[in-house]
Structure formats: structure tokens, C-alpha cells
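Source file: run.cif; contents: mmCIF, C-alpha atoms.
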```cif
data_final
loop_
_atom_site.label_atom_id
_atom_site.label_comp_id
_atom_site.auth_asym_id
_atom_site.auth_seq_id
_atom_site.Cartn_x
_atom_site.Cartn_y
_atom_site.Cartn_z
CA MET A 1 0.00 0.00 0.00
CA SER A 2 1.09 3.56 -0.64
CA ILE A 3 -0.42 7.01 -0.15
CA ALA A 4 -1.15 9.38 -3.04
CA ARG A 5 1.16 12.34 -2.46
CA ASP A 6 -1.44 15.02 -3.06
CA LYS A 7 -3.87 13.26 -0.74
CA ALA A 8 -1.24 13.32 2.01
CA LEU A 9 -0.52 17.00 1.34
CA LEU A 10 -4.20 17.89 1.45
CA ALA A 11 -4.46 16.17 4.83
CA LEU A 12 -1.44 18.11 6.06
CA ARG A 13 -2.89 21.35 4.69
CA ASP A 14 -5.71 21.10 7.21
CA HIS A 15 -3.19 21.17 10.07
CA VAL A 16 -0.61 23.70 8.87
CA LEU A 17 -1.29 27.07 10.49
CA ASP A 18 -0.74 30.50 8.94
CA ASP A 19 2.37 31.14 11.08
CA ASP A 20 4.03 27.81 10.28
CA ILE A 21 6.98 27.60 7.90
CA VAL A 22 6.98 24.87 5.25
CA VAL A 23 10.16 23.80 3.44
CA ALA A 24 9.37 21.36 0.64
CA VAL A 25 11.46 19.88 -2.17
CA TYR A 26 11.11 18.83 -5.77
CA GLN A 27 7.78 17.33 -6.85
CA THR A 28 6.41 17.51 -3.31
CA ASN A 29 7.22 21.21 -3.38
CA PHE A 30 5.49 21.74 -6.72
CA ASP A 31 2.42 19.83 -5.50
CA TRP A 32 2.37 21.79 -2.22
CA LEU A 33 2.70 25.15 -4.00
CA ALA A 34 -0.29 24.26 -6.17
CA LEU A 35 -2.38 22.94 -3.28
CA ASN A 36 -1.45 25.53 -0.67
CA PRO A 37 0.20 28.68 -2.06
CA ARG A 38 1.17 30.77 0.96
CA ASP A 39 3.77 33.36 1.92
CA LEU A 40 5.62 31.17 4.43
CA ASN A 41 6.44 28.46 1.91
CA TYR A 42 10.27 28.41 1.81
CA VAL A 43 11.35 27.27 -1.63
CA ALA A 44 14.97 28.47 -1.82
CA VAL A 45 16.65 25.17 -0.95
CA GLY A 46 19.17 25.54 -3.77
CA ALA A 47 21.14 22.32 -3.53
CA MET A 48 19.72 18.79 -3.47
CA GLY A 49 19.62 17.26 -0.01
CA GLN A 50 19.64 20.54 1.88
CA ALA A 51 15.95 20.94 2.79
CA SER A 52 16.26 19.65 6.34
CA SER A 53 19.33 21.81 6.96
CA HIS A 54 17.40 24.90 5.84
CA GLY A 55 14.59 23.73 8.09
CA LEU A 56 16.97 23.40 11.02
CA GLY A 57 18.31 26.93 10.50
CA LEU A 58 14.76 28.28 10.33
CA ALA A 59 13.73 26.33 13.43
CA LEU A 60 16.70 27.54 15.47
CA ALA A 61 16.25 31.16 14.43
CA ASN A 62 12.45 31.17 14.78
CA PRO A 63 11.68 29.18 17.93
CA GLU A 64 8.19 30.64 18.16
CA ARG A 65 7.16 29.05 14.85
CA ARG A 66 6.66 25.44 13.81
CA VAL A 67 8.81 24.40 10.85
CA PHE A 68 7.67 21.56 8.60
CA VAL A 69 10.15 20.00 6.18
CA PHE A 70 8.63 17.95 3.36
CA ASP A 71 11.76 16.13 2.24
CA GLY A 72 12.31 13.47 -0.42
CA ASP A 73 13.95 10.10 0.10
CA GLY A 74 16.50 10.72 -2.65
CA SER A 75 17.19 14.15 -1.19
CA LEU A 76 17.65 12.85 2.33
CA LEU A 77 20.09 10.21 1.07
CA MET A 78 22.33 13.07 -0.07
CA ASN A 79 22.50 14.51 3.44
CA LEU A 80 21.97 11.65 5.89
CA GLY A 81 24.17 13.27 8.53
CA THR A 82 21.43 15.88 8.91
CA LEU A 83 19.49 13.36 10.97
CA VAL A 84 22.25 13.31 13.58
CA THR A 85 22.74 17.08 13.45
CA ILE A 86 19.02 17.78 13.92
CA ALA A 87 18.65 15.24 16.72
CA GLY A 88 21.68 16.74 18.43
CA THR A 89 20.13 20.20 18.55
CA LYS A 90 16.92 18.92 20.18
CA VAL A 91 14.89 21.60 18.38
CA THR A 92 11.32 21.18 19.52
CA ASN A 93 9.71 23.06 16.63
CA LEU A 94 11.02 21.01 13.69
CA HIS A 95 8.81 18.38 12.05
CA HIS A 96 10.63 16.40 9.38
CA TYR A 97 8.43 14.54 6.89
CA VAL A 98 9.97 12.39 4.17
CA PHE A 99 7.89 11.57 1.12
CA SER A 100 9.37 8.27 -0.04
CA ASN A 101 8.68 7.45 -3.67
CA HIS A 102 11.79 5.25 -4.02
CA MET A 103 13.00 7.14 -7.08
CA TYR A 104 14.48 10.40 -8.37
CA GLU A 105 11.12 11.44 -9.76
CA VAL A 106 12.04 14.75 -11.40
CA ASN A 107 15.33 13.34 -12.73
CA GLY A 108 13.80 10.80 -15.06
CA ALA A 109 12.23 8.54 -12.43
CA GLN A 110 15.52 6.72 -11.96
CA PRO A 111 15.55 4.29 -9.01
CA LEU A 112 17.32 5.14 -5.78
CA PRO A 113 20.46 3.26 -4.81
CA GLY A 114 19.63 0.35 -2.56
CA GLY A 115 16.47 -0.42 -4.48
CA GLY A 116 14.45 2.05 -2.44
CA ASN A 117 14.33 -0.29 0.53
CA VAL A 118 15.79 2.07 3.12
CA ASP A 119 13.80 2.35 6.35
CA PHE A 120 14.22 6.06 7.04
CA ALA A 121 12.05 6.07 10.14
CA THR A 122 14.36 3.55 11.78
CA LEU A 123 17.40 5.56 10.65
CA ALA A 124 15.93 8.68 12.25
CA ARG A 125 15.24 6.88 15.50
CA ALA A 126 18.77 5.47 15.53
CA ALA A 127 20.12 8.97 14.87
CA GLY A 128 18.39 10.26 17.97
CA TYR A 129 14.98 11.62 16.92
CA PRO A 130 12.76 11.04 19.95
CA SER A 131 9.69 10.58 17.75
CA SER A 132 9.69 8.62 14.50
CA HIS A 133 6.84 7.07 12.50
CA ARG A 134 6.23 5.45 9.13
CA PHE A 135 2.91 5.31 7.28
CA ASP A 136 1.92 3.57 4.05
CA GLU A 137 -1.84 3.76 4.41
CA PHE A 138 -3.79 7.01 4.16
CA VAL A 139 -6.45 6.42 6.78
CA THR A 140 -3.90 5.43 9.40
CA PHE A 141 -1.85 8.54 8.61
CA SER A 142 -4.85 10.82 8.55
CA ASP A 143 -6.12 9.47 11.87
CA ALA A 144 -2.69 9.95 13.43
CA LEU A 145 -2.23 13.54 12.25
CA PRO A 146 -3.85 15.32 15.24
CA GLN A 147 -1.56 13.44 17.62
CA LEU A 148 1.47 13.98 15.39
CA MET A 149 0.76 17.70 15.30
CA ALA A 150 0.52 17.82 19.07
CA THR A 151 3.90 16.13 19.50
CA GLN A 152 7.02 18.19 20.11
CA GLY A 153 9.91 17.94 17.70
CA PRO A 154 12.30 17.00 16.49
CA GLN A 155 9.89 14.61 14.92
CA PHE A 156 10.33 12.35 11.89
CA ILE A 157 7.53 10.95 9.74
CA GLU A 158 8.12 8.83 6.65
CA LEU A 159 5.28 8.50 4.17
CA ASP A 160 5.40 5.78 1.53
CA ILE A 161 3.89 7.61 -1.41
CA VAL A 162 3.02 7.41 -5.09
CA PRO A 163 2.43 10.39 -7.38
CA GLY A 164 -1.06 11.82 -7.27
CA ALA A 165 -2.45 14.28 -9.80
CA PRO A 166 0.23 15.91 -12.00
CA TYR A 167 1.10 19.43 -10.86
CA PRO A 168 3.26 21.84 -12.90
CA ARG A 169 6.99 22.09 -12.21
CA ASP A 170 7.62 25.83 -11.93
CA TYR A 171 11.39 25.93 -11.49
CA ASP A 172 11.55 29.61 -12.41
CA TYR A 173 9.42 30.49 -9.38
CA ILE A 174 11.26 28.40 -6.79
CA HIS A 175 14.62 29.88 -7.84
CA SER A 176 13.28 33.44 -8.12
CA ALA A 177 14.20 36.43 -6.01
CA ALA A 178 10.46 37.14 -5.82
CA ALA A 179 9.84 33.86 -3.99
CA ARG A 180 12.63 34.59 -1.49
CA HIS A 181 11.41 38.14 -0.90
CA ARG A 182 7.85 36.94 -0.43
CA PHE A 183 9.01 34.54 2.30
CA GLU A 184 11.33 37.06 3.93
CA ASP A 185 8.67 39.77 4.02
CA ALA A 186 6.14 37.42 5.57
CA LEU A 187 8.62 36.13 8.13
CA ASN A 188 9.44 39.62 9.32
CA ARG A 189 5.92 41.01 9.22
CA SER A 190 4.69 41.82 12.71
CA ARG A 191 2.43 39.06 13.95
CA MET B 1 69.36 7.07 10.61
CA VAL B 2 65.92 7.97 9.38
CA ALA B 3 65.70 10.74 6.79
CA GLY B 4 62.95 13.38 6.68
CA THR B 5 61.86 13.26 10.30
CA GLN B 6 63.08 16.73 11.28
CA LYS B 7 60.14 19.10 11.84
CA THR B 8 60.36 22.83 11.23
CA ASP B 9 59.87 24.97 14.33
CA TYR B 10 57.28 27.68 13.60
CA SER B 11 56.96 28.86 17.19
CA ALA B 12 58.58 32.21 16.40
CA VAL B 13 55.95 33.04 13.75
CA PRO B 14 53.44 35.50 15.27
CA THR B 15 49.83 34.33 15.28
CA PRO B 16 46.44 36.04 15.42
CA ASP B 17 44.72 36.25 18.77
CA GLY B 18 41.73 34.00 19.48
CA ALA B 19 40.29 36.36 22.09
CA ALA B 20 40.41 39.24 19.61
CA ILE B 21 38.64 37.15 16.95
CA ILE B 22 35.92 36.18 19.42
CA ALA B 23 35.51 39.82 20.47
CA GLU B 24 35.05 40.75 16.81
CA LEU B 25 32.39 38.06 16.34
CA LYS B 26 30.48 39.54 19.26
CA ARG B 27 30.95 43.05 17.93
CA ALA B 28 29.39 41.81 14.68
CA ASP B 29 26.34 40.51 16.61
CA ILE B 30 27.15 36.91 15.81
CA ARG B 31 25.74 34.56 18.44
CA GLU B 32 25.22 31.46 16.31
CA ILE B 33 28.27 29.33 15.52
CA VAL B 34 27.80 26.41 13.15
CA ALA B 35 30.86 24.21 12.86
CA VAL B 36 32.74 21.17 11.72
CA PRO B 37 36.02 20.97 13.70
CA ASP B 38 39.24 22.18 12.11
CA ILE B 39 42.67 21.67 13.65
CA VAL B 40 43.88 25.19 12.77
CA THR B 41 41.10 26.86 14.77
CA SER B 42 40.25 24.14 17.28
CA ASP B 43 42.20 25.30 20.35
CA GLY B 44 42.14 29.04 19.70
CA LEU B 45 38.52 29.43 18.59
CA LEU B 46 36.17 26.47 18.58
CA TRP B 47 36.90 25.20 22.09
CA PRO B 48 36.66 28.71 23.58
CA VAL B 49 33.43 29.39 21.66
CA SER B 50 31.99 26.11 22.90
CA ARG B 51 32.52 27.27 26.49
CA ASP B 52 31.26 30.83 25.96
CA PRO B 53 27.58 31.23 26.95
CA ALA B 54 27.28 34.18 24.57
CA PHE B 55 27.26 31.71 21.68
CA ARG B 56 25.04 28.83 20.65
CA LEU B 57 27.17 26.20 18.93
CA THR B 58 25.58 23.79 16.47
CA ARG B 59 27.90 20.91 15.63
CA LEU B 60 27.49 19.57 12.09
CA CYS B 61 28.17 16.26 10.43
CA LYS B 62 29.10 17.94 7.13
CA GLU B 63 29.94 21.46 6.08
CA ASP B 64 27.28 22.03 3.42
CA GLU B 65 24.62 21.60 6.11
CA GLY B 66 26.05 24.77 7.61
CA VAL B 67 25.72 26.76 4.39
CA SER B 68 21.98 26.05 4.42
CA ILE B 69 21.58 26.62 8.17
CA CYS B 70 23.32 30.01 8.07
CA ALA B 71 21.39 31.09 4.97
CA ALA B 72 18.06 30.09 6.50
CA MET B 73 18.89 31.92 9.72
CA SER B 74 19.58 35.09 7.78
CA TYR B 75 15.96 35.50 6.65
CA ASN B 76 15.01 37.04 9.99
CA GLY B 77 18.35 38.79 10.39
CA THR B 78 19.98 36.20 12.65
CA ARG B 79 23.72 36.36 12.11
CA ALA B 80 25.82 33.20 12.10
CA MET B 81 29.38 32.07 11.46
CA LEU B 82 30.16 28.77 9.71
CA MET B 83 33.51 27.32 10.82
CA MET B 84 35.38 24.57 8.97
CA GLN B 85 38.67 23.77 7.28
CA GLN B 86 39.39 24.31 3.61
CA THR B 87 38.67 20.70 2.67
CA GLY B 88 35.09 21.26 3.84
CA LEU B 89 34.96 24.53 1.94
CA MET B 90 35.89 22.69 -1.25
CA ASP B 91 33.27 20.07 -0.50
CA SER B 92 30.61 22.78 -0.07
CA LEU B 93 31.23 24.80 -3.21
CA ASN B 94 27.97 23.85 -4.92
CA ALA B 95 25.91 24.82 -1.88
CA ILE B 96 27.83 28.10 -1.63
CA ARG B 97 27.30 28.69 -5.35
CA ALA B 98 23.56 28.00 -5.23
CA ILE B 99 22.56 29.36 -1.85
CA GLY B 100 25.16 32.02 -1.20
CA VAL B 101 25.71 33.41 -4.68
CA ASP B 102 22.66 32.57 -6.83
CA TYR B 103 20.25 33.21 -3.94
CA GLN B 104 22.29 36.13 -2.58
CA ARG B 105 22.40 35.06 1.07
CA PRO B 106 24.94 36.34 3.62
CA VAL B 107 26.71 33.09 4.49
CA VAL B 108 29.86 34.03 6.41
CA MET B 109 32.57 31.41 6.85
CA LEU B 110 35.75 31.14 8.89
CA VAL B 111 38.02 28.57 7.29
CA GLY B 112 41.24 27.12 8.67
CA LEU B 113 43.91 26.47 6.06
CA LEU B 114 44.90 22.95 7.01
CA GLY B 115 48.45 22.17 5.94
CA LYS B 116 49.55 25.75 5.31
CA GLU B 117 53.07 26.54 6.44
CA PRO B 118 52.66 29.36 9.02
CA HIS B 119 55.50 31.46 7.59
CA LEU B 120 54.18 31.37 4.01
CA ARG B 121 51.27 33.18 2.40
CA PRO B 122 48.60 30.82 1.03
CA GLU B 123 49.59 31.48 -2.57
CA HIS B 124 53.14 30.33 -1.80
CA SER B 125 52.19 27.21 0.15
CA GLY B 126 53.68 23.93 -0.92
CA ALA B 127 50.31 22.32 -0.28
CA TYR B 128 48.22 22.18 -3.45
CA GLY B 129 44.99 22.12 -1.43
CA VAL B 130 45.96 25.41 0.22
CA ARG B 131 47.50 27.13 -2.80
CA ILE B 132 44.35 26.81 -4.91
CA ILE B 133 41.88 28.18 -2.36
CA GLN B 134 42.15 31.88 -3.16
CA PRO B 135 42.10 31.33 -6.96
CA VAL B 136 39.01 29.12 -6.58
CA LEU B 137 37.24 31.77 -4.48
CA GLU B 138 38.18 34.43 -7.01
CA ALA B 139 36.87 32.29 -9.88
CA MET B 140 33.58 32.03 -7.98
CA GLU B 141 33.60 35.80 -7.36
CA LEU B 142 33.46 35.19 -3.60
CA SER B 143 34.57 37.89 -1.19
CA HIS B 144 37.41 36.69 1.08
CA SER B 145 40.11 37.96 3.40
CA LEU B 146 43.01 36.63 5.44
CA ILE B 147 43.44 36.28 9.17
CA GLU B 148 47.14 35.64 9.23
CA GLU B 149 49.02 38.22 11.25
CA PRO B 150 48.34 39.75 14.65
CA GLY B 151 46.04 42.70 13.91
CA ASP B 152 44.20 40.97 11.06
CA GLU B 153 41.43 40.19 13.54
CA HIS B 154 40.25 43.78 13.57
CA HIS B 155 38.64 43.72 10.13
CA ILE B 156 36.24 40.89 11.00
CA ALA B 157 33.24 42.84 12.32
CA GLY B 158 33.35 45.26 9.39
CA ALA B 159 33.55 42.44 6.85
CA VAL B 160 30.62 40.65 8.51
CA ASP B 161 28.58 43.87 8.47
CA ALA B 162 29.39 44.34 4.79
CA ALA B 163 28.37 40.77 3.92
CA TYR B 164 25.02 41.13 5.65
CA ALA B 165 24.44 44.61 4.21
CA ALA B 166 25.11 43.35 0.68
CA SER B 167 23.46 39.95 1.32
CA ARG B 168 26.42 37.99 -0.04
CA PRO B 169 28.92 35.46 1.34
CA HIS B 170 32.29 36.30 2.84
CA ILE B 171 35.06 33.87 3.71
CA PHE B 172 37.77 34.48 6.31
CA LEU B 173 40.82 32.31 5.67
CA VAL B 174 42.78 31.56 8.83
CA GLY B 175 46.37 30.83 7.91
CA ARG B 176 47.92 30.38 11.35
CA PRO B 177 46.46 28.78 14.49
CA PRO B 178 45.04 31.61 16.63
CA LYS B 179 46.44 31.90 20.12
CA ALA B 180 43.94 30.42 22.59
CA PRO B 181 42.37 32.90 25.01
CA SER B 182 43.39 32.46 28.63
CA ARG B 183 40.71 30.67 30.68
#
```
Please re-express this file's structure in C-alpha cells.
Amino acid sequence: MSIARDKALLALRDHVLDDDIVVAVYQTNFDWLALNPRDLNYVAVGAMGQASSHGLGLALANPERRVFVFDGDGSLLMNLGTLVTIAGTKVTNLHHYVFSNHMYEVNGAQPLPGGGNVDFATLARAAGYPSSHRFDEFVTFSDALPQLMATQGPQFIELDIVPGAPYPRDYDYIHSAAARHRFEDALNRSR
Amino acid sequence: MVAGTQKTDYSAVPTPDGAAIIAELKRADIREIVAVPDIVTSDGLLWPVSRDPAFRLTRLCKEDEGVSICAAMSYNGTRAMLMMQQTGLMDSLNAIRAIGVDYQRPVVMLVGLLGKEPHLRPEHSGAYGVRIIQPVLEAMELSHSLIEEPGDEHHIAGAVDAAYAASRPHIFLVGRPPKAPSR
């Protein structure tokens, strides 16, 4: 069983508050931007694998906000040490989701090394995350979301997903100065 | 008799002052230190910073994590210093290119030149990995400066201010182990 990515994102949308920061990558980012365009979507990740490190910097510098990272499994494989770094900081406002599709989807759907059989939730727990979960069934995930949202970070959730509806890949926007300024302005707006 | 075991004594070469560097970081409103250890700056900077309650130290597994962390912190004006040695700098060039240069973020780095002979300038070093650093930074159009001699510390706060004002990276290259502050 797997969860349709857009279905998972729509479920998350119901729980993400206006003041929360969301850092998403690649196709998950494009889907999220289409489903929930908002000022505090941080899209300037820049280099593959770096989403959770951006999320950590945002969480440390903005302790009053929740930070959600919607990572990819291929991306996380490029920066596995981040799990140890994040766990070491004990940031309570960082929620690290990994959308596992077992492939480099936007790079030709090539398979991940290791055949896509990595258990990231177990890796996160072994790295020191106090809370780590894995879901491959939508109803179970959806039912767990209120409790997940009420749990302090650093928290790790792996979702076994398949593509949902096709959403456009707007690379120009995610790399644009306008996107960065939009986020920066919203972050510094008086609350 | 074993040939090649005689080590050069560099103890007479004057070094920058760790306490002065730390004072400059504070003057520049830096309170976040993000670091992978480096032997050039370990005793004179990183250990003292780790004991100084004025700083929060985030220890990294890999240097490019720090490029992203410092860039992300900058969005609300939080100033940070990324510490590493030049091997980590070389390993992080794509992140610096994308996040620091293309995205115009003020990522400020303090980089120990591992393997540099203290009495030689970096461009004259016998170590290939040291000699190429400044040309690589220049090819990438990255602002950089040396902390080599006593007195070089005093430009740090101004260079940090300039990097944040222009929203661009700056790299301090530390060519001699700073003298550790007294405890």
C-alpha cells in the first residue's frame, strides 16, 4: 500500500497554520505550491539534499514558529548526517516529513540506490529523533495527524507515497528572487 | 638514521589572537556558531566558543549543512558564522554557489587552512589544497580575506557587516592557528 502524495498533502494542509513555515522539495514542493500557495512556503533550498538543513536553521532562528520539512527520500540520502545534526540540537519546533517514492522522480524517475528499501524512520530513531513514524496507508496517517501535530519535535515521519495528480513544475518560481522576498517579508511582518 | 623526520619549528611566527577574533564576532552581533572541527582553529577558537555562553554552537556532520543553516537563519536577520577547514569549503562549493551566490544570502565562513606553512602566504604554500583556495574563491567571485598576522582580527566585524548589508557570502581564511584565550 502507498499514499497518493497530493492526498497526504491535502491532509497536512488542514493542520498547517498560517504562522508555520513549510520547506518542501522537488515534486512535493510543486504539489504543495499548487495545493497551498502561501507566503511562508520556503522554496529556496538551492542544492539537493539541503531541505532539512534549511529547516533546522529556520527552526533555530524562529523558535516561536513550527517548521515543517517535506523532504524526499533521494534528497535525504544526499544529506543523511542531517538526521544526527538535527537530533543533536533537540529543536522542539522542527517536524521532518519524508515523502518516499523510491525514485528520483524529477530526474527521469531513476531508481534510488539500494532499491528504495531504506527504512528512514528507523534511521531517524537510531540517529536520535525522539519521535519517528512510518505510514503507508492514508487512513492510518490521517487518523494519526492530530496526535502527530501535538507532539514536540524533532519529529520524523516517513510516508510511503506514489504520485497523485500531476502538478506543474515551476522551477523559475522556486529559484526566483520574488519567492525569497515573499518569504522574507512574511517572516518579518509583525504578527 | 631515518631521513625526513626533522620538523620545522614555527613557534617564532606571530599568530592572530583568538580572544580578539571572538571579540570581533560579538561586535558583529554573531551569536550562532555552526561548525565542523578544524585543527587550525580548534584550540584558539572552537573550544573557547563552545565554552562561551554568549554563543550557541551547532555541531554539524558535514559542512554544506552549515551553508543552508546560516542562509536560512539570515531571513530574519539572525547572524551566524560557519567554521570549517578548507577541505570542507571545497566540498561545499555547490551549496555556496547556489545558496550564497545565486540566492544572494549572507553566508559568512571562517576557514582554517589545514596544511599551510605558518610562515608562508597561502599562494606560496607547498600544499596544493591550500594554494588553490584563493584562486578558486576568485573564480567564484566570492569575497574573502586573510586572518594571518596579529592585527588581522580587527577587520572581522566590518567584513561581517558588509556581507550582511550586501546579502552575499564572505570567507575568512585563517592561515595560522590563533592563540587560545586564557581561561
B:Ala23, B:Ile30, B:Met73, B:Ala35: which is nearest chain A, counting only C-alpha atoms?
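Of B:Ala23, B:Ile30, B:Met73, B:Ala35, the one nearest chain A, counting only C-alpha atoms, is B:Met73.
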Would you kindly report the residues of chain A within 7 Å of chain B, using only C-alpha atoms, as a list in words?
Gly46, Ala47, Gln50, Ser53, His54, Leu56, Gly57, Leu58, Ala61, Gly81, Thr82, Thr85, Thr89, Glu184, Leu187 and Asn188 of chain A
Please, what distance in Å, to one decimal, runs between CA of Leu148 (chain A) and CA of Asn41 (chain A)?
20.4 Å
With the PyMOL selection byres ((chain B and resi 117) around 9) as the selection, what would be picked from this file? Answer as a VMD selection string, please.
chain B and resid 10 114 to 116 118 to 122 125 to 127 175 to 176
Please expand the PyMOL selection byres ((chain B and resi 137-146) around 6) into the concrete residues it hits in this file, giving the result as a VMD selection string.
chain B and resid 134 to 136 147 to 148 170 to 173
Calculate how many Å separate CA of Asp19 (chain A) from CA of Arg66 (chain A), rounding to one decimal.
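Calculated distance between CA of Asp19 (chain A) and CA of Arg66 (chain A) is 7.6 Å.
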Residues within 9 Å of Ala163 (chain B), only C-alpha atoms, excluding chain neighbours under 3 positions, as an NGL selection string:
:B and (105-108 or 143 or 158-160 or 166-170)
Any chance you could work out the residue set of the PyMOL selection byres ((chain A and resi 65) around 12) here, as a PyMOL selection string?
chain A and resi 16-22+40+55-56+58-64+66-68+91-95+153+187+191
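One finds CA of Ser52 (chain A) at 26.7 Å from CA of Ser42 (chain B).
In this comparison, which uses all atoms listed in the file, the residue of A:Val106, A:Met1, A:Val98, A:Val43 approaching Pro168 (chain A) most closely is A:Val106.
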Excluding same-chain residues fewer than 4 positions from Gly72 (chain A), what lies within 12 Å of it counting only C-alpha atoms, as a count of residues only?
37
From A:Val45, A:Ala11, A:Arg38, A:Phe156, residue lying nearest Ala186 (chain A) [all atoms listed in the file]:
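Ranked by minimum distance to Ala186 (chain A), first place goes to A:Arg38.
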Shell of 8 Å around region 44-49 of chain B, all atoms listed in the file, local chain residues under 5 positions omitted, as a list of chain:residue names:
B:Asp17, B:Gly18, B:Ala19, B:Ile21, B:Ile22, B:Pro37, B:Phe55, B:Leu57, B:Pro177, B:Pro178, B:Lys179, B:Ala180, B:Pro181
Resulting file, chosen residues, C-alpha atoms, as a PDB file, in the coordinates of the input:
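So the final result, stored in part-v1.pdb, reads:
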```pdb
ATOM      1  CA  ASP B  17      44.720  36.250  18.770  1.00  0.00           C
ATOM      2  CA  GLY B  18      41.730  34.000  19.480  1.00  0.00           C
ATOM      3  CA  ALA B  19      40.290  36.360  22.090  1.00  0.00           C
ATOM      4  CA  ILE B  21      38.640  37.150  16.950  1.00  0.00           C
ATOM      5  CA  ILE B  22      35.920  36.180  19.420  1.00  0.00           C
ATOM      6  CA  PRO B  37      36.020  20.970  13.700  1.00  0.00           C
ATOM      7  CA  PHE B  55      27.260  31.710  21.680  1.00  0.00           C
ATOM      8  CA  LEU B  57      27.170  26.200  18.930  1.00  0.00           C
ATOM      9  CA  PRO B 177      46.460  28.780  14.490  1.00  0.00           C
ATOM     10  CA  PRO B 178      45.040  31.610  16.630  1.00  0.00           C
ATOM     11  CA  LYS B 179      46.440  31.900  20.120  1.00  0.00           C
ATOM     12  CA  ALA B 180      43.940  30.420  22.590  1.00  0.00           C
ATOM     13  CA  PRO B 181      42.370  32.900  25.010  1.00  0.00           C
TER      14      PRO B 181
END
```
Missing atoms in region 57-72 of chain B: can you complete it with N, CA and C atoms, as a short mmCIF file (atom, residue, chain, number, x, y, z; two decimals), keeping the file's coordinate frame?
```cif
data_model
loop_
_atom_site.label_atom_id
_atom_site.label_comp_id
_atom_site.auth_asym_id
_atom_site.auth_seq_id
_atom_site.Cartn_x
_atom_site.Cartn_y
_atom_site.Cartn_z
N LEU B 57 26.37 26.97 19.87
CA LEU B 57 27.17 26.20 18.93
C LEU B 57 26.35 25.01 18.41
N THR B 58 26.22 24.94 17.11
CA THR B 58 25.58 23.79 16.47
C THR B 58 26.67 22.99 15.77
N ARG B 59 26.87 21.78 16.23
CA ARG B 59 27.90 20.91 15.63
C ARG B 59 27.29 20.14 14.47
N LEU B 60 27.99 20.16 13.34
CA LEU B 60 27.49 19.57 12.09
C LEU B 60 28.17 18.26 11.79
N CYS B 61 27.52 17.45 10.97
CA CYS B 61 28.17 16.26 10.43
C CYS B 61 28.96 16.61 9.16
N LYS B 62 28.47 17.60 8.41
CA LYS B 62 29.10 17.94 7.13
C LYS B 62 28.91 19.43 6.85
N GLU B 63 29.88 20.00 6.18
CA GLU B 63 29.94 21.46 6.08
C GLU B 63 28.80 22.08 5.29
N ASP B 64 28.32 21.38 4.23
CA ASP B 64 27.28 22.03 3.42
C ASP B 64 25.97 22.18 4.20
N GLU B 65 25.77 21.36 5.22
CA GLU B 65 24.62 21.60 6.11
C GLU B 65 24.68 23.04 6.64
N GLY B 66 25.86 23.45 6.99
CA GLY B 66 26.05 24.77 7.61
C GLY B 66 25.75 25.90 6.66
N VAL B 67 26.05 25.72 5.37
CA VAL B 67 25.72 26.76 4.39
C VAL B 67 24.21 27.01 4.42
N SER B 68 23.45 25.93 4.42
CA SER B 68 21.98 26.05 4.42
C SER B 68 21.48 26.61 5.74
N ILE B 69 22.04 26.15 6.85
CA ILE B 69 21.58 26.62 8.17
C ILE B 69 21.82 28.12 8.29
N CYS B 70 23.01 28.57 7.94
CA CYS B 70 23.32 30.01 8.07
C CYS B 70 22.46 30.84 7.13
N ALA B 71 22.24 30.34 5.91
CA ALA B 71 21.39 31.09 4.97
C ALA B 71 19.97 31.18 5.50
N ALA B 72 19.44 30.08 6.00
CA ALA B 72 18.06 30.09 6.50
C ALA B 72 17.92 31.02 7.70
#
```
